[in-house]
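Next up, run_2.pdb (PDB, C-alpha atoms and all ligand atoms):
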```pdb
ATOM      1  CA  MET H   1      -5.644 -22.635   9.951
ATOM      2  CA  ALA H   2      -7.121 -24.867  12.607
ATOM      3  CA  ILE H   3     -10.792 -25.202  13.344
ATOM      4  CA  PRO H   4     -11.499 -26.374  16.861
ATOM      5  CA  VAL H   5     -14.694 -27.737  18.240
ATOM      6  CA  ILE H   6     -17.100 -24.873  18.817
ATOM      7  CA  TYR H   7     -19.332 -25.610  21.727
ATOM      8  CA  PRO H   8     -22.757 -24.275  22.539
ATOM      9  CA  ALA H   9     -23.106 -22.236  25.695
ATOM     10  CA  ALA H  10     -23.772 -25.215  27.913
ATOM     11  CA  GLN H  11     -20.283 -26.522  27.335
ATOM     12  CA  PHE H  12     -18.202 -23.461  26.639
ATOM     13  CA  THR H  13     -15.775 -24.355  29.374
ATOM     14  CA  ALA H  14     -13.817 -26.735  27.198
ATOM     15  CA  TYR H  15     -11.850 -26.798  24.019
ATOM     16  CA  VAL H  16     -10.664 -30.067  22.533
ATOM     17  CA  SER H  17      -7.228 -29.611  21.038
ATOM     18  CA  ASP H  18      -7.025 -33.038  19.439
ATOM     19  CA  SER H  19      -9.974 -32.166  17.254
ATOM     20  CA  LEU H  20      -7.976 -29.760  15.117
ATOM     21  CA  MET H  21      -8.350 -30.556  11.488
ATOM     22  CA  ALA H  22      -5.399 -31.385   9.293
ATOM     23  CA  LYS H  23      -5.247 -29.629   5.927
ATOM     24  CA  ASN H  24      -6.723 -32.498   3.952
ATOM     25  CA  GLU H  25      -9.398 -32.976   6.553
ATOM     26  CA  LYS H  26     -10.374 -29.318   6.250
ATOM     27  CA  GLN H  27     -10.710 -29.616   2.510
ATOM     28  CA  ARG H  28     -12.862 -32.689   2.897
ATOM     29  CA  ALA H  29     -14.865 -31.143   5.694
ATOM     30  CA  SER H  30     -15.817 -28.136   3.604
ATOM     31  CA  LYS H  31     -17.452 -30.609   1.244
ATOM     32  CA  THR H  32     -18.936 -32.824   3.917
ATOM     33  CA  LEU H  33     -20.798 -30.674   6.349
ATOM     34  CA  ARG H  34     -23.154 -32.715   8.435
ATOM     35  CA  TYR H  35     -26.034 -30.880  10.011
ATOM     36  CA  PRO H  36     -29.424 -31.683  11.505
ATOM     37  CA  ARG H  37     -32.110 -32.148   8.862
ATOM     38  CA  ASN H  38     -35.585 -30.697   9.288
ATOM     39  CA  LEU H  39     -34.397 -28.563  12.161
ATOM     40  CA  HIS H  40     -36.252 -25.362  12.933
ATOM     41  CA  PHE H  41     -34.885 -22.533  15.027
ATOM     42  CA  GLN H  42     -36.076 -19.170  16.245
ATOM     43  CA  CYS H  43     -34.435 -17.182  19.008
ATOM     44  CA  LEU H  44     -37.041 -16.434  21.685
ATOM     45  CA  ARG H  45     -34.804 -13.805  23.324
ATOM     46  CA  CYS H  46     -34.959 -15.547  26.662
ATOM     47  CA  THR H  47     -31.261 -14.590  27.286
ATOM     48  CA  LEU H  48     -30.520 -17.969  28.850
ATOM     49  CA  CYS H  49     -27.460 -18.351  26.618
ATOM     50  CA  CYS H  50     -26.027 -15.028  27.832
ATOM     51  CA  GLY H  51     -25.453 -16.071  31.417
ATOM     52  CA  ASN H  52     -24.979 -18.752  34.000
ATOM     53  CA  THR H  53     -27.781 -21.104  34.969
ATOM     54  CA  GLU H  54     -28.262 -23.295  38.022
ATOM     55  CA  SER H  55     -26.726 -26.223  36.190
ATOM     56  CA  ARG H  56     -23.822 -24.698  34.267
ATOM     57  CA  VAL H  57     -21.408 -21.793  34.075
ATOM     58  CA  ARG H  58     -21.437 -19.805  30.875
ATOM     59  CA  ARG H  59     -17.981 -18.916  29.608
ATOM     60  CA  VAL H  60     -17.952 -16.690  26.547
ATOM     61  CA  LEU H  61     -14.501 -17.453  25.231
ATOM     62  CA  MET H  62     -12.824 -15.158  22.743
ATOM     63  CA  LEU H  63      -9.976 -15.297  20.292
ATOM     64  CA  LYS H  64      -7.297 -12.625  20.599
ATOM     65  CA  THR H  65      -8.477 -10.985  17.378
ATOM     66  CA  GLU H  66     -12.058 -10.856  18.619
ATOM     67  CA  ALA H  67     -11.025  -9.192  21.884
ATOM     68  CA  GLU H  68      -8.839  -6.669  20.061
ATOM     69  CA  ARG H  69     -11.649  -5.812  17.648
ATOM     70  CA  MET H  70     -14.008  -5.296  20.556
ATOM     71  CA  SER H  71     -11.465  -3.158  22.386
ATOM     72  CA  THR H  72     -11.186  -0.855  19.383
ATOM     73  CA  PHE H  73     -14.952  -0.690  18.973
ATOM     74  CA  LEU H  74     -15.530   0.115  22.637
ATOM     75  CA  SER H  75     -12.425   2.309  23.048
ATOM     76  CA  LYS H  76     -11.666   0.363  26.217
ATOM     77  CA  PRO H  77      -8.788  -1.872  27.242
ATOM     78  CA  ILE H  78      -9.565  -5.574  27.027
ATOM     79  CA  SER H  79      -9.118  -5.893  30.788
ATOM     80  CA  GLU H  80     -12.310  -3.878  31.309
ATOM     81  CA  PHE H  81     -14.571  -6.433  29.660
ATOM     82  CA  ALA H  82     -12.629  -9.720  29.604
ATOM     83  CA  ASP H  83     -10.259 -11.840  31.650
ATOM     84  CA  ALA H  84      -7.316 -13.763  30.256
ATOM     85  CA  VAL H  85      -7.726 -17.558  30.284
ATOM     86  CA  GLN H  86      -5.236 -20.350  29.891
ATOM     87  CA  GLY H  87      -5.664 -23.903  28.648
ATOM     88  CA  CYS H  88      -8.464 -22.987  26.221
ATOM     89  CA  ASP H  89      -6.292 -22.519  23.149
ATOM     90  CA  PRO H  90      -7.005 -20.915  20.693
ATOM     91  CA  TYR H  91      -9.280 -18.855  22.943
ATOM     92  CA  VAL H  92      -7.327 -16.548  25.230
ATOM     93  CA  TYR H  93     -10.018 -14.389  26.859
ATOM     94  CA  VAL H  94     -13.358 -14.894  28.511
ATOM     95  CA  VAL H  95     -15.987 -12.147  28.707
ATOM     96  CA  LYS H  96     -16.679 -10.925  32.239
ATOM     97  CA  MET H  97     -19.971 -11.832  33.859
ATOM     98  CA  ARG H  98     -21.932  -9.645  36.258
ATOM     99  CA  THR H  99     -21.436 -10.872  39.776
ATOM    100  CA  ASP H 100     -25.016 -10.088  40.837
ATOM    101  CA  THR H 101     -26.948 -11.669  37.942
ATOM    102  CA  GLY H 102     -24.434 -14.080  36.409
ATOM    103  CA  LYS H 103     -25.192 -12.528  33.028
ATOM    104  CA  CYS H 104     -22.702 -11.330  30.423
ATOM    105  CA  ILE H 105     -21.654  -7.718  30.970
ATOM    106  CA  PHE H 106     -22.693  -6.918  27.408
ATOM    107  CA  LEU H 107     -26.286  -7.929  27.985
ATOM    108  CA  MET H 108     -28.629  -4.973  28.464
ATOM    109  CA  GLU H 109     -32.088  -6.298  29.290
ATOM    110  CA  LYS H 110     -32.640  -8.517  26.242
ATOM    111  CA  ASP H 111     -30.126  -6.922  23.911
ATOM    112  CA  CYS H 112     -26.469  -7.605  23.240
ATOM    113  CA  LEU H 113     -24.620  -4.276  23.261
ATOM    114  CA  ILE H 114     -21.940  -5.576  20.936
ATOM    115  CA  TYR H 115     -24.206  -7.639  18.691
ATOM    116  CA  PRO H 116     -22.376  -6.886  15.402
ATOM    117  CA  LEU H 117     -19.092  -7.873  17.045
ATOM    118  CA  ARG H 118     -20.268 -10.659  19.327
ATOM    119  CA  PRO H 119     -17.808 -13.541  19.597
ATOM    120  CA  LEU H 120     -17.914 -16.594  17.388
ATOM    121  CA  VAL H 121     -19.167 -18.759  20.234
ATOM    122  CA  CYS H 122     -22.229 -16.517  20.511
ATOM    123  CA  ARG H 123     -22.785 -16.562  16.778
ATOM    124  CA  PHE H 124     -22.732 -20.349  16.790
ATOM    125  CA  TYR H 125     -25.179 -20.711  19.613
ATOM    126  CA  PRO H 126     -27.223 -22.959  19.921
ATOM    127  CA  PHE H 127     -25.026 -25.185  17.745
ATOM    128  CA  GLU H 128     -21.883 -27.144  18.409
ATOM    129  CA  MET H 129     -19.498 -27.907  15.565
ATOM    130  CA  LYS H 130     -16.963 -30.705  15.729
ATOM    131  CA  THR H 131     -14.868 -32.770  13.393
ATOM    132  CA  THR H 132     -15.749 -36.422  13.109
ATOM    133  CA  GLU H 133     -13.294 -39.291  12.588
ATOM    134  CA  ASN H 134     -13.908 -39.345   8.844
ATOM    135  CA  GLY H 135     -13.104 -35.627   8.541
ATOM    136  CA  SER H 136     -16.643 -34.263   8.280
ATOM    137  CA  CYS H 137     -17.688 -31.185  10.179
ATOM    138  CA  GLU H 138     -20.745 -31.990  12.201
ATOM    139  CA  PHE H 139     -23.237 -29.552  13.725
ATOM    140  CA  SER H 140     -25.570 -30.412  16.557
ATOM    141  CA  PRO H 141     -27.868 -28.272  18.709
ATOM    142  CA  THR H 142     -27.775 -27.891  22.472
ATOM    143  CA  LYS H 143     -30.837 -29.099  24.310
ATOM    144  CA  GLU H 144     -30.974 -26.130  26.660
ATOM    145  CA  CYS H 145     -32.175 -23.631  24.048
ATOM    146  CA  SER H 146     -35.957 -23.458  23.882
ATOM    147  CA  GLY H 147     -35.795 -21.858  20.437
ATOM    148  CA  VAL H 148     -34.649 -25.115  18.873
ATOM    149  CA  GLY H 149     -37.581 -26.783  17.135
ATOM    150  CA  ARG H 150     -39.409 -23.496  16.497
ATOM    151  CA  GLY H 151     -39.405 -20.919  13.732
ATOM    152  CA  LYS H 152     -37.827 -21.300  10.342
ATOM    153  CA  LEU H 153     -36.248 -24.360   8.837
ATOM    154  CA  LEU H 154     -32.437 -24.210   8.753
ATOM    155  CA  GLY H 155     -30.790 -25.607   5.672
ATOM    156  CA  LYS H 156     -27.341 -26.222   4.313
ATOM    157  CA  GLU H 157     -26.726 -22.529   3.558
ATOM    158  CA  PHE H 158     -27.121 -21.600   7.196
ATOM    159  CA  PHE H 159     -24.592 -24.162   8.412
ATOM    160  CA  GLU H 160     -22.247 -23.519   5.515
ATOM    161  CA  SER H 161     -22.155 -19.809   6.391
ATOM    162  CA  LEU H 162     -21.324 -20.628  10.028
ATOM    163  CA  PHE H 163     -18.563 -22.923   8.868
ATOM    164  CA  GLN H 164     -17.116 -20.254   6.583
ATOM    165  CA  LEU H 165     -17.294 -17.734   9.398
ATOM    166  CA  ALA H 166     -15.319 -20.047  11.675
ATOM    167  CA  LYS H 167     -12.739 -20.583   8.949
ATOM    168  CA  ARG H 168     -12.271 -16.837   8.569
ATOM    169  CA  GLU H 169     -11.992 -16.194  12.296
ATOM    170  CA  PHE H 170      -9.532 -18.985  12.951
ATOM    171  CA  SER H 171      -7.399 -18.015   9.974
ATOM    172  CA  SER H 172      -7.011 -14.501  11.382
ATOM    173  CA  LYS H 173      -6.382 -15.429  15.010
TER     174      LYS H 173
HETATM  175  S1  LIG F   1     -31.238 -19.699  24.726
HETATM  176 FE1  LIG F   1     -31.955 -19.890  22.614
HETATM  177  S2  LIG F   1     -33.946 -18.835  22.591
HETATM  178 FE2  LIG F   1     -32.872 -18.155  24.445
HETATM  179  S3  LIG F   1     -31.812 -16.265  23.798
HETATM  180 FE3  LIG F   1     -30.354 -17.968  23.551
HETATM  181  S4  LIG F   1     -30.611 -18.576  21.377
HETATM  182 FE4  LIG F   1     -32.396 -17.339  21.936
HETATM  183  S1  LIG F   2     -21.565 -11.136  23.932
HETATM  184 FE1  LIG F   2     -23.709 -10.659  23.530
HETATM  185  S2  LIG F   2     -24.558 -12.568  22.657
HETATM  186 FE2  LIG F   2     -22.619 -13.096  23.678
HETATM  187  S3  LIG F   2     -23.188 -13.739  25.762
HETATM  188 FE3  LIG F   2     -22.697 -11.513  25.834
HETATM  189  S4  LIG F   2     -24.669 -10.455  25.555
HETATM  190 FE4  LIG F   2     -24.935 -12.604  24.898
END
```

Target encoding structure tokens, full file:
Amino acid sequence: MAIPVIYPAAQFTAYVSDSLMAKNEKQRASKTLRYPRNLHFQCLRCTLCCGNTESRVRRVLMLKTEAERMSTFLSKPISEFADAVQGCDPYVYVVKMRTDTGKCIFLMEKDCLIYPLRPLVCRFYPFEMKTTENGSCEFSPTKECSGVGRGKLLGKEFFESLFQLAKREFSSK
């Protein structure tokens, strides 16, 4: 199983293939999660992360398994809600955006219509996860989210659960 960098919305256009972890690195990484200390977060439901902004294009990339799960849930072919993408391995689809608002087609006012099945990249937001040279997995927040610095304190359990979620998703892709 390979765990790629998981980018926050501001940078979802890229995937760094040379960041894949080797087996030993993964084992070490699970023991050496690095995450921001004393970091508070509360989603303010501003929906900024669910669409394009003036300074960046939001690309909600999906794994094949995520798209298939969504297709079953919605009883719709994948082509109705996502486009195929290349060069973003392991992600192979990107969720369609509304042409008039630049927002994700699953966004209804302030709610995500597929919230229980939303893609990994949405679940990770506003955090990026990448592997460092010494094999640690490192989380960092994006600056664009105004919920960072507010609300409850996030501790190791929060980041550990995200890491485990990524492991599960990438092992089933
Ligand atoms: S940008 Fe941050 S505060 Fe706004 S909806 Fe997304 S997670 Fe919530
Ligand atoms: S899938 Fe849901 S959480 Fe993700 S960008 Fe679309 S509306 Fe937002």

* To do: Identify all residues satisfying the PyMOL selection byres (((chain H and resi 94) around 7) and not hetatm) in the given file; provide them as an MDAnalysis selection string.
  => chainID H and resid 59:62 82:85 93 95:96

* Counting all atoms listed in the file, what residues are within 10 Å of ligand LIG 1 (chain F), given as an MDAnalysis selection string? -> chainID H and resid 8:10 41:51 110:111 122:127 142:148 150

Keeping only C-alpha atoms, write those residues as a PDB file, in the frame of the given file.
```
ATOM      1  CA  PRO H   8     -22.757 -24.275  22.539  1.00  0.00           C
ATOM      2  CA  ALA H   9     -23.106 -22.236  25.695  1.00  0.00           C
ATOM      3  CA  ALA H  10     -23.772 -25.215  27.913  1.00  0.00           C
ATOM      4  CA  PHE H  41     -34.885 -22.533  15.027  1.00  0.00           C
ATOM      5  CA  GLN H  42     -36.076 -19.170  16.245  1.00  0.00           C
ATOM      6  CA  CYS H  43     -34.435 -17.182  19.008  1.00  0.00           C
ATOM      7  CA  LEU H  44     -37.041 -16.434  21.685  1.00  0.00           C
ATOM      8  CA  ARG H  45     -34.804 -13.805  23.324  1.00  0.00           C
ATOM      9  CA  CYS H  46     -34.959 -15.547  26.662  1.00  0.00           C
ATOM     10  CA  THR H  47     -31.261 -14.590  27.286  1.00  0.00           C
ATOM     11  CA  LEU H  48     -30.520 -17.969  28.850  1.00  0.00           C
ATOM     12  CA  CYS H  49     -27.460 -18.351  26.618  1.00  0.00           C
ATOM     13  CA  CYS H  50     -26.027 -15.028  27.832  1.00  0.00           C
ATOM     14  CA  GLY H  51     -25.453 -16.071  31.417  1.00  0.00           C
ATOM     15  CA  LYS H 110     -32.640  -8.517  26.242  1.00  0.00           C
ATOM     16  CA  ASP H 111     -30.126  -6.922  23.911  1.00  0.00           C
ATOM     17  CA  CYS H 122     -22.229 -16.517  20.511  1.00  0.00           C
ATOM     18  CA  ARG H 123     -22.785 -16.562  16.778  1.00  0.00           C
ATOM     19  CA  PHE H 124     -22.732 -20.349  16.790  1.00  0.00           C
ATOM     20  CA  TYR H 125     -25.179 -20.711  19.613  1.00  0.00           C
ATOM     21  CA  PRO H 126     -27.223 -22.959  19.921  1.00  0.00           C
ATOM     22  CA  PHE H 127     -25.026 -25.185  17.745  1.00  0.00           C
ATOM     23  CA  THR H 142     -27.775 -27.891  22.472  1.00  0.00           C
ATOM     24  CA  LYS H 143     -30.837 -29.099  24.310  1.00  0.00           C
ATOM     25  CA  GLU H 144     -30.974 -26.130  26.660  1.00  0.00           C
ATOM     26  CA  CYS H 145     -32.175 -23.631  24.048  1.00  0.00           C
ATOM     27  CA  SER H 146     -35.957 -23.458  23.882  1.00  0.00           C
ATOM     28  CA  GLY H 147     -35.795 -21.858  20.437  1.00  0.00           C
ATOM     29  CA  VAL H 148     -34.649 -25.115  18.873  1.00  0.00           C
ATOM     30  CA  ARG H 150     -39.409 -23.496  16.497  1.00  0.00           C
TER      31      ARG H 150
END
```

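Distances from H:Leu33, H:Ile78, H:Met108, H:Cys88 to ligand LIG 2 (chain F) were compared using all atoms listed in the file, and the smallest one belongs to H:Met108.
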
* Asked: Hey, which residues come within 6 Å of ligand LIG 2 (chain F) if we count all atoms listed in the file? Could you give them as a list in words?
  -> Cys50, Cys104, Phe106, Leu107, Cys112, Ile114, Tyr115, Arg118 and Cys122 of chain H

Emit the selected residues as a compact mmCIF listing (two decimals), keeping the file's coordinate frame, including C-alpha atoms.
```
# COMPACT_ATOMS: atom_id res chain seq x y z
CA CYS H 50 -26.03 -15.03 27.83
CA CYS H 104 -22.70 -11.33 30.42
CA PHE H 106 -22.69 -6.92 27.41
CA LEU H 107 -26.29 -7.93 27.98
CA CYS H 112 -26.47 -7.60 23.24
CA ILE H 114 -21.94 -5.58 20.94
CA TYR H 115 -24.21 -7.64 18.69
CA ARG H 118 -20.27 -10.66 19.33
CA CYS H 122 -22.23 -16.52 20.51
```

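Remark: residues at most 12 Å from position (-21.9, -35.3, 16.1) in file coordinates are Val5, Ile6, Tyr7, Leu33, Arg34, Tyr35, Pro36, Phe127, Glu128, Met129, Lys130, Thr131, Thr132, Glu133, Asn134, Gly135, Ser136, Cys137, Glu138, Phe139, Ser140, Pro141 and Thr142 of chain H, using all atoms listed in the file.
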
* **Separation of CA of Met70 in chain H from CA of Ser172 in chain H, in Å and rounded to one decimal** => 14.8 Å

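For the choices H:Thr65, H:Ser79, H:Asn52, H:Ser71, the atom-to-atom distance to Thr101 in chain H is smallest for H:Asn52 when using only C-alpha atoms.
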
* So which residues touch Asn38 in chain H within 10 Å, counting only C-alpha atoms, skipping near sequence neighbours fewer than 4 positions away, as number ranges by chain? -> H: 149, 152-155

* Please measure the separation of CA of Gly151 in chain H and CA of His40 in chain H, giving the value in Å to one decimal. => 5.5 Å

* To do: For the structure shown, which residues end up in the PyMOL selection byres (((chain H and resi 63) around 7) and not hetatm)? Put them as JSON, numbers by chain, please?
  => {"H": [62, 64, 65, 66, 67, 90, 91, 92, 93, 173]}

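Across the model, the gap from CA of Phe81 in chain H to CA of Ile105 in chain H is 7.3 Å.
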
Kindly compute an axis-aligned box around the listed atoms of range 108-124 of chain H, allowing 4 Å on each side, and express its centre and edge lengths in Å to one decimal as JSON.
```
{"center_x": -25.2, "center_y": -12.3, "center_z": 22.3, "size_x": 22.8, "size_y": 24.1, "size_z": 21.9}
```

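For the choices H:Asp89, H:Leu120, H:Glu109, H:Arg56, the atom-to-atom distance to Arg168 in chain H is smallest for H:Leu120 when using all atoms listed in the file.
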
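For the set H:Thr99, H:Thr32, H:Ser55, H:Leu117, the residue with the smallest atom-to-atom gap to Phe163 in chain H is H:Thr32, counting all atoms listed in the file.
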